[in-house]
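Structure file coords.csv; described as CSV, C-alpha atoms.
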```csv
chain,number,residue,atom,x,y,z
U,247,MET,CA,95.8,252.3,-50.9
U,248,LYS,CA,96.9,248.9,-49.6
U,249,PRO,CA,97.2,246.2,-52.3
U,250,HIS,CA,94.4,244.1,-50.7
U,251,GLN,CA,92.0,247.1,-51.0
U,252,ASN,CA,92.2,246.7,-54.7
U,253,LEU,CA,90.9,243.2,-54.6
U,254,GLU,CA,87.2,242.9,-55.5
U,255,VAL,CA,86.7,240.0,-53.1
U,256,TRP,CA,88.1,242.1,-50.3
U,257,LYS,CA,85.9,245.1,-51.3
U,258,GLN,CA,82.7,242.9,-51.3
U,259,SER,CA,83.5,241.1,-48.1
U,260,PHE,CA,84.3,244.4,-46.3
U,261,ALA,CA,80.9,245.8,-47.5
U,262,LEU,CA,79.2,242.7,-46.2
U,263,VAL,CA,80.8,243.2,-42.8
U,264,LYS,CA,79.2,246.6,-42.6
U,265,LYS,CA,75.8,245.3,-43.6
U,266,LEU,CA,75.9,242.5,-41.1
U,267,TYR,CA,76.9,244.8,-38.2
U,268,ILE,CA,73.8,246.9,-39.0
U,269,LEU,CA,71.5,243.9,-39.4
U,270,THR,CA,72.7,242.2,-36.2
U,271,SER,CA,72.2,245.3,-34.2
U,272,THR,CA,68.4,244.5,-34.5
U,273,PHE,CA,68.8,241.0,-33.0
U,274,PRO,CA,67.5,240.4,-29.5
U,275,LEU,CA,69.9,241.8,-26.8
U,276,GLU,CA,70.3,238.4,-25.2
U,277,GLU,CA,72.1,237.3,-28.4
U,278,ARG,CA,74.9,239.9,-27.9
U,279,PHE,CA,77.4,237.2,-26.7
U,280,GLY,CA,75.9,234.4,-28.8
U,281,LEU,CA,74.7,234.6,-32.4
U,282,ILE,CA,75.5,238.3,-32.9
U,283,SER,CA,79.1,237.8,-31.8
U,284,GLN,CA,79.6,234.7,-33.9
U,285,ILE,CA,78.1,236.3,-37.0
U,286,ARG,CA,80.3,239.4,-36.6
U,287,ARG,CA,83.5,237.4,-36.0
U,288,ALA,CA,82.8,235.1,-39.0
U,289,CYS,CA,82.0,237.9,-41.4
U,290,THR,CA,85.0,240.0,-40.2
U,291,SER,CA,87.3,237.1,-40.6
U,292,ILE,CA,86.7,237.0,-44.4
U,293,PRO,CA,88.3,240.4,-45.4
U,294,VAL,CA,90.8,240.2,-42.5
U,295,ASN,CA,92.2,236.9,-43.8
U,296,ILE,CA,92.2,238.1,-47.4
U,297,ALA,CA,94.2,241.2,-46.3
U,298,GLU,CA,96.6,239.2,-44.2
U,299,GLY,CA,97.2,236.7,-46.9
U,300,ALA,CA,97.8,239.4,-49.5
U,301,ALA,CA,100.5,240.9,-47.2
U,302,ARG,CA,102.4,237.6,-47.0
U,303,ARG,CA,105.5,236.9,-49.0
U,304,SER,CA,104.5,233.7,-50.8
U,305,ASP,CA,101.6,232.3,-52.7
U,306,LYS,CA,101.4,229.3,-50.5
U,307,GLU,CA,100.8,231.6,-47.5
U,308,LEU,CA,98.2,233.6,-49.4
U,309,GLN,CA,96.5,230.4,-50.4
U,310,GLN,CA,96.3,229.3,-46.8
U,311,PHE,CA,94.7,232.6,-45.7
U,312,LEU,CA,92.2,232.4,-48.6
U,313,TYR,CA,91.1,229.0,-47.4
U,314,ILE,CA,90.6,230.3,-43.9
U,315,ALA,CA,88.5,233.1,-45.4
U,316,LEU,CA,86.5,230.5,-47.4
U,317,GLY,CA,85.9,228.5,-44.1
U,318,SER,CA,84.7,231.7,-42.4
U,319,ALA,CA,82.3,232.3,-45.3
U,320,SER,CA,80.9,228.8,-44.9
U,321,GLU,CA,80.6,229.3,-41.2
U,322,LEU,CA,78.8,232.6,-41.8
U,323,ASP,CA,76.4,230.9,-44.2
U,324,THR,CA,75.3,228.5,-41.5
U,325,LEU,CA,75.0,231.2,-38.9
U,326,LEU,CA,72.8,233.3,-41.2
U,327,LEU,CA,70.6,230.3,-41.9
U,328,LEU,CA,70.2,229.7,-38.2
U,329,ALA,CA,69.4,233.4,-37.6
U,330,THR,CA,66.7,233.2,-40.3
U,331,GLU,CA,65.2,230.0,-38.8
U,332,LEU,CA,65.1,231.8,-35.4
U,333,ASN,CA,63.3,234.7,-37.1
U,334,PHE,CA,66.1,237.2,-36.3
U,335,LEU,CA,66.5,237.8,-40.0
U,336,SER,CA,63.6,238.0,-42.5
U,337,ALA,CA,63.6,235.7,-45.5
U,338,LYS,CA,64.2,238.8,-47.7
U,339,GLU,CA,67.2,239.9,-45.6
U,340,PHE,CA,68.6,236.4,-45.8
U,341,GLU,CA,68.1,236.3,-49.6
U,342,LEU,CA,69.9,239.6,-50.1
U,343,ILE,CA,72.8,238.7,-47.9
U,344,SER,CA,73.0,235.2,-49.5
U,345,ILE,CA,73.4,236.9,-52.9
U,346,ASP,CA,76.3,238.9,-51.5
U,347,LEU,CA,77.8,235.8,-49.8
U,348,ASP,CA,77.5,233.7,-53.0
U,349,SER,CA,79.4,236.3,-54.9
U,350,ILE,CA,82.1,236.3,-52.3
U,351,PHE,CA,82.3,232.5,-52.4
U,352,LYS,CA,82.8,232.6,-56.2
U,353,LEU,CA,85.4,235.3,-56.1
U,354,LEU,CA,87.3,233.5,-53.3
U,355,LEU,CA,87.2,230.2,-55.2
U,356,GLY,CA,88.4,231.9,-58.4
U,357,PHE,CA,91.2,233.7,-56.5
U,358,ILE,CA,92.3,230.4,-54.8
U,359,ASN,CA,92.4,228.6,-58.2
U,360,MET,CA,94.5,231.5,-59.7
U,361,VAL,CA,96.9,231.2,-56.8
U,362,LYS,CA,97.1,227.4,-57.1
U,363,LYS,CA,98.1,227.8,-60.7
U,364,ARG,CA,100.8,230.2,-59.8
U,365,ILE,CA,102.2,227.8,-57.2
U,366,LYS,CA,102.3,224.9,-59.7
U,367,VAL,CA,104.2,227.0,-62.4
```

Please lay out the structure from this file as structure tokens.
Amino acid sequence: MKPHQNLEVWKQSFALVKKLYILTSTFPLEERFGLISQIRRACTSIPVNIAEGAARRSDKELQQFLYIALGSASELDTLLLLATELNFLSAKEFELISIDLDSIFKLLLGFINMVKKRIKV
């Protein structure tokens, strides 16, 4: 198993990608190159950047990739809100995904803070 696959934040974000691929497959077909594509890219970016950062040689590089993952999580949050407002996601689906995303945010922020402390030491 690769080191990043042991990280809880990677596991949760990877699981979220799978959920969102399934959920977005129910969106209107005309959104294939719009909202579907944007949601899929943003959610995929989270575990991909965590993995890439974990493979880097320094904590500074890891921190940079974690911040990119955090930015993608924020982007995803906005896209999911839009999808809900456009009635592509139900309020219940949005709520369940938001719980997952909030957990990922907290884990990412905790990981970033841990790495920051290691950099300062």

Using only C-alpha atoms, what does the table of region 252-346 of chain U residues within 7 Å of region 351-366 of chain U look like, with each row giving the shortest atom pair and its distance in Å to one decimal, sorted by chain and ascending number, as a Markdown table?
```
| residue | atom | partner | partner_atom | distance |
| --- | --- | --- | --- | --- |
| U:Val255 | CA | U:Leu353 | CA | 5.7 |
| U:Asp305 | CA | U:Val361 | CA | 6.3 |
| U:Lys306 | CA | U:Ile365 | CA | 6.9 |
| U:Gln309 | CA | U:Ile358 | CA | 6.1 |
| U:Leu312 | CA | U:Ile358 | CA | 6.5 |
| U:Leu316 | CA | U:Leu354 | CA | 6.7 |
```

Open item on the list: I want to know what sits within 8 Å of Ser344 (chain U), based on only C-alpha atoms, with residues of the same chain fewer than 4 positions away left out; could you give that as an MDAnalysis selection string?
Closed with: chainID U and resid 323 340 348

Open item on the list: For a quick check of understanding, using all atoms listed in the file, which of U:Ser259, U:Lys248, U:Asp346, U:Thr330 has the smallest distance to Ala288 (chain U)?
Closed with: U:Ser259

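Of the residues under consideration (U:Leu328, U:Leu253, U:Leu262, U:Met247), U:Leu262 shows the shortest atom-to-atom contact distance to Ile345 (chain U) when counting all atoms listed in the file.
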
TODO: Using only C-alpha atoms, find the one residue out of U:Phe334, U:Ala261, U:Val294, U:Ser320 that sits nearest to Glu276 (chain U).
DONE: U:Phe334

Task: Atomic distance CA of Ala300 (chain U) - CA of Arg287 (chain U), expressed in Å with one decimal - done: 19.8 Å

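Reported to one decimal place, the separation of CA of Ser291 (chain U) from CA of Leu332 (chain U) is 23.4 Å.
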
- [ ] Find the spatial neighbours of Glu298 (chain U), counting all atoms listed in the file, within a cut-off of 12 Å - ignore same-chain residues fewer than 4 positions away - and output them as number ranges by chain.
- [x] U: 248-251, 256, 291-294, 302-304, 307-312, 314-315

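Take CA of Phe273 (chain U) and CA of Thr324 (chain U): the distance between them is 16.5 Å.
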